[in-house]
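The next block is query-v8.pdb, given as PDB, C-alpha atoms.
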```pdb
ATOM      1  CA  MET R 955      10.463   3.414  14.086  1.00  0.00           C
ATOM      2  CA  ARG R 956      10.432  -0.352  13.676  1.00  0.00           C
ATOM      3  CA  TYR R 957      11.833  -3.037  15.975  1.00  0.00           C
ATOM      4  CA  GLU R 958      15.583  -3.616  15.660  1.00  0.00           C
ATOM      5  CA  ASP R 959      15.186  -7.298  14.697  1.00  0.00           C
ATOM      6  CA  ILE R 960      13.170  -6.452  11.556  1.00  0.00           C
ATOM      7  CA  ASN R 961      15.134  -6.092   8.324  1.00  0.00           C
ATOM      8  CA  PRO R 962      14.043  -2.766   6.785  1.00  0.00           C
ATOM      9  CA  ALA R 963      14.809  -4.025   3.270  1.00  0.00           C
ATOM     10  CA  PHE R 964      11.838  -6.414   3.478  1.00  0.00           C
ATOM     11  CA  ASP R 965       9.555  -4.367   5.723  1.00  0.00           C
ATOM     12  CA  PRO R 966       6.632  -2.448   4.192  1.00  0.00           C
ATOM     13  CA  LEU R 967       5.610  -0.733   7.457  1.00  0.00           C
ATOM     14  CA  PHE R 968       6.981   2.592   8.702  1.00  0.00           C
ATOM     15  CA  GLU R 969       6.149   2.201  12.401  1.00  0.00           C
ATOM     16  CA  ASN R 970       5.397  -0.596  14.857  1.00  0.00           C
ATOM     17  CA  ILE R 971       1.753  -1.489  15.344  1.00  0.00           C
ATOM     18  CA  THR R 972       1.037  -1.635  19.077  1.00  0.00           C
ATOM     19  CA  THR R 973      -1.891  -1.540  21.472  1.00  0.00           C
ATOM     20  CA  GLU R 974      -1.288   2.230  21.645  1.00  0.00           C
ATOM     21  CA  GLN R 975      -0.346   2.817  17.977  1.00  0.00           C
ATOM     22  CA  LEU R 976      -3.418   1.606  16.054  1.00  0.00           C
ATOM     23  CA  HIS R 977      -2.721   3.558  12.849  1.00  0.00           C
ATOM     24  CA  VAL R 978      -0.904   1.544  10.172  1.00  0.00           C
ATOM     25  CA  ILE R 979       1.177   3.246   7.497  1.00  0.00           C
ATOM     26  CA  GLY R 980       2.955   1.146   4.923  1.00  0.00           C
ATOM     27  CA  VAL R 981       3.995   0.875   1.322  1.00  0.00           C
ATOM     28  CA  TYR R 982       3.371  -1.764  -1.322  1.00  0.00           C
ATOM     29  CA  ALA R 983       2.954  -1.804  -5.101  1.00  0.00           C
ATOM     30  CA  PRO R 984       1.221   1.304  -6.485  1.00  0.00           C
ATOM     31  CA  GLU R 985      -2.557   1.166  -6.996  1.00  0.00           C
ATOM     32  CA  THR R 986      -2.888  -2.324  -5.507  1.00  0.00           C
ATOM     33  CA  LYS R 987      -5.625  -3.635  -3.239  1.00  0.00           C
ATOM     34  CA  VAL R 988      -4.093  -4.778   0.072  1.00  0.00           C
ATOM     35  CA  TYR R 989      -6.132  -7.050   2.338  1.00  0.00           C
ATOM     36  CA  ILE R 990      -5.698  -6.823   6.111  1.00  0.00           C
ATOM     37  CA  SER R 991      -6.968  -9.417   8.579  1.00  0.00           C
ATOM     38  CA  LEU R 992      -6.751  -9.614  12.355  1.00  0.00           C
ATOM     39  CA  ASN R 993      -6.363 -13.081  13.917  1.00  0.00           C
ATOM     40  CA  ASP R 994      -7.504 -14.746  10.670  1.00  0.00           C
ATOM     41  CA  GLY R 995     -10.795 -12.864  10.855  1.00  0.00           C
ATOM     42  CA  ARG R 996     -12.635 -11.094   8.087  1.00  0.00           C
ATOM     43  CA  ARG R 997     -10.393  -9.262   5.616  1.00  0.00           C
ATOM     44  CA  SER R 998     -10.629  -5.518   5.094  1.00  0.00           C
ATOM     45  CA  SER R 999      -9.162  -3.926   2.009  1.00  0.00           C
ATOM     46  CA  VAL R1000      -7.344  -0.696   1.289  1.00  0.00           C
ATOM     47  CA  THR R1001      -5.974   0.454  -2.034  1.00  0.00           C
ATOM     48  CA  THR R1002      -2.471   1.855  -2.251  1.00  0.00           C
ATOM     49  CA  ASP R1003      -2.073   5.243  -3.870  1.00  0.00           C
ATOM     50  CA  ILE R1004       0.000   6.041  -6.960  1.00  0.00           C
ATOM     51  CA  GLY R1005       3.149   5.976  -4.827  1.00  0.00           C
ATOM     52  CA  GLY R1006       2.230   2.692  -3.098  1.00  0.00           C
ATOM     53  CA  LEU R1007       1.266   4.206   0.277  1.00  0.00           C
ATOM     54  CA  PHE R1008      -1.528   2.636   2.303  1.00  0.00           C
ATOM     55  CA  GLU R1009      -3.050   3.489   5.692  1.00  0.00           C
ATOM     56  CA  TYR R1010      -5.425   1.637   7.979  1.00  0.00           C
ATOM     57  CA  ASP R1011      -6.803   2.139  11.507  1.00  0.00           C
ATOM     58  CA  PHE R1012      -7.640  -0.599  13.982  1.00  0.00           C
ATOM     59  CA  GLU R1013     -10.239  -0.034  16.685  1.00  0.00           C
ATOM     60  CA  THR R1014      -8.390  -2.044  19.320  1.00  0.00           C
ATOM     61  CA  LEU R1015      -5.468  -4.471  19.528  1.00  0.00           C
ATOM     62  CA  ASN R1016      -4.136  -6.802  22.204  1.00  0.00           C
ATOM     63  CA  VAL R1017      -0.652  -8.200  22.801  1.00  0.00           C
ATOM     64  CA  GLY R1018      -0.401 -11.467  20.882  1.00  0.00           C
ATOM     65  CA  ASP R1019      -2.819 -10.465  18.102  1.00  0.00           C
ATOM     66  CA  VAL R1020      -1.625 -11.365  14.609  1.00  0.00           C
ATOM     67  CA  ILE R1021      -2.218  -9.084  11.633  1.00  0.00           C
ATOM     68  CA  LYS R1022      -1.803 -10.454   8.118  1.00  0.00           C
ATOM     69  CA  PHE R1023      -1.300  -8.280   5.054  1.00  0.00           C
ATOM     70  CA  SER R1024      -2.032  -9.997   1.761  1.00  0.00           C
ATOM     71  CA  VAL R1025      -2.837  -9.498  -1.907  1.00  0.00           C
ATOM     72  CA  LYS R1026      -5.253 -11.519  -3.987  1.00  0.00           C
ATOM     73  CA  ASN R1027      -3.727 -13.798  -6.594  1.00  0.00           C
ATOM     74  CA  GLY R1028      -6.522 -15.408  -8.587  1.00  0.00           C
ATOM     75  CA  THR R1029      -8.645 -17.168  -5.989  1.00  0.00           C
ATOM     76  CA  THR R1030      -6.028 -17.200  -3.207  1.00  0.00           C
ATOM     77  CA  TYR R1031      -4.634 -14.559  -0.878  1.00  0.00           C
ATOM     78  CA  ASP R1032      -0.838 -14.368  -0.708  1.00  0.00           C
ATOM     79  CA  VAL R1033       0.432 -13.049   2.629  1.00  0.00           C
ATOM     80  CA  PHE R1034       3.342 -10.634   2.211  1.00  0.00           C
ATOM     81  CA  LEU R1035       3.601  -9.636   5.883  1.00  0.00           C
ATOM     82  CA  GLU R1036       2.529 -11.141   9.185  1.00  0.00           C
ATOM     83  CA  GLU R1037       2.855  -8.847  12.180  1.00  0.00           C
ATOM     84  CA  LYS R1038       2.441 -10.020  15.782  1.00  0.00           C
ATOM     85  CA  ILE R1039       1.514  -7.363  18.327  1.00  0.00           C
ATOM     86  CA  ARG R1040       4.341  -7.280  20.902  1.00  0.00           C
ATOM     87  CA  GLU R1041       3.374  -4.368  23.108  1.00  0.00           C
TER      88      GLU R1041
END
```
Structure translated into structure tokens:
Amino acid sequence: MRYEDINPAFDPLFENITTEQLHVIGVYAPETKVYISLNDGRRSSVTTDIGGLFEYDFETLNVGDVIKFSVKNGTTYDVFLEEKIRE
């Protein structure tokens, strides 16, 4: 379940990412490489499946951490979601 202040129409994630919930499940365009970075660090990539589902596990998170989800567009990375860890 996501936070009440997040509009589900524009939200690709199924559940909140927290210091206890380190497993990310989301949806984006089918068969697309999604790049994930923590606090503007090194990007990791996952590829969505034929239905657009992607999953990723963090080792550890702290309140205040910022996770960015992006896709590569030529030589730039376009951020489609920025998630701040609240709890």
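When CA of Phe968 (chain R) is paired with CA of Thr1030 (chain R), their separation reads 26.5 Å.
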Might you spell out which residues the PyMOL selection byres ((chain R and resi 999-1012) around 6) would select in the displayed file, as a PDB file with C-alpha atoms, in the frame of the given file?
```
ATOM      1  CA  LEU R 976      -3.418   1.606  16.054  1.00  0.00           C
ATOM      2  CA  HIS R 977      -2.721   3.558  12.849  1.00  0.00           C
ATOM      3  CA  VAL R 978      -0.904   1.544  10.172  1.00  0.00           C
ATOM      4  CA  ILE R 979       1.177   3.246   7.497  1.00  0.00           C
ATOM      5  CA  GLY R 980       2.955   1.146   4.923  1.00  0.00           C
ATOM      6  CA  VAL R 981       3.995   0.875   1.322  1.00  0.00           C
ATOM      7  CA  TYR R 982       3.371  -1.764  -1.322  1.00  0.00           C
ATOM      8  CA  ALA R 983       2.954  -1.804  -5.101  1.00  0.00           C
ATOM      9  CA  PRO R 984       1.221   1.304  -6.485  1.00  0.00           C
ATOM     10  CA  GLU R 985      -2.557   1.166  -6.996  1.00  0.00           C
ATOM     11  CA  THR R 986      -2.888  -2.324  -5.507  1.00  0.00           C
ATOM     12  CA  LYS R 987      -5.625  -3.635  -3.239  1.00  0.00           C
ATOM     13  CA  VAL R 988      -4.093  -4.778   0.072  1.00  0.00           C
ATOM     14  CA  TYR R 989      -6.132  -7.050   2.338  1.00  0.00           C
ATOM     15  CA  SER R 998     -10.629  -5.518   5.094  1.00  0.00           C
ATOM     16  CA  GLU R1013     -10.239  -0.034  16.685  1.00  0.00           C
ATOM     17  CA  THR R1014      -8.390  -2.044  19.320  1.00  0.00           C
TER      18      THR R1014
END
```
* **Contacts of Asp1032 (chain R) at 12 Å (all atoms listed in the file; same-chain gap of 5+ positions) as an NGL selection string** => :R and (988-990 or 1022-1027)
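The space separating CA of Asn1016 (chain R) from CA of Thr972 (chain R) comes to 8.0 Å.
Relative to CA of Met955 (chain R), CA of Leu967 (chain R) is found at 9.2 Å.
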I'd like the neighbourhood of Arg956 (chain R) as an mmCIF file with C-alpha atoms, in the frame of the given file, where a residue qualifies if any of its atoms comes within 9 Å (using only C-alpha atoms), though same-chain residues fewer than 3 positions away should be ignored.
```cif
data_model
loop_
_atom_site.group_PDB
_atom_site.id
_atom_site.type_symbol
_atom_site.label_atom_id
_atom_site.label_comp_id
_atom_site.auth_asym_id
_atom_site.auth_seq_id
_atom_site.Cartn_x
_atom_site.Cartn_y
_atom_site.Cartn_z
ATOM 1 C CA ASP R 959 15.186 -7.298 14.697
ATOM 2 C CA ILE R 960 13.170 -6.452 11.556
ATOM 3 C CA PRO R 962 14.043 -2.766 6.785
ATOM 4 C CA ASP R 965 9.555 -4.367 5.723
ATOM 5 C CA LEU R 967 5.610 -0.733 7.457
ATOM 6 C CA PHE R 968 6.981 2.592 8.702
ATOM 7 C CA GLU R 969 6.149 2.201 12.401
ATOM 8 C CA ASN R 970 5.397 -0.596 14.857
ATOM 9 C CA ILE R 971 1.753 -1.489 15.344
#
```
* Output the residue selection produced by the PyMOL selection byres ((chain R and resi 1038) around 12) on the file above, formatted as number ranges by chain. => R: 957, 970-973, 991-993, 1015-1023, 1035-1037, 1039-1041
Around all the atoms of region 995-1005 of chain R listed in the file, with 3 Å of room on each side, what axis-aligned box do you get, giving centre and edge lengths in Å to one decimal, as AutoDock Vina command-line options?
```
--center_x -4.7 --center_y -3.4 --center_z 1.9 --size_x 21.8 --size_y 24.9 --size_z 23.8
```
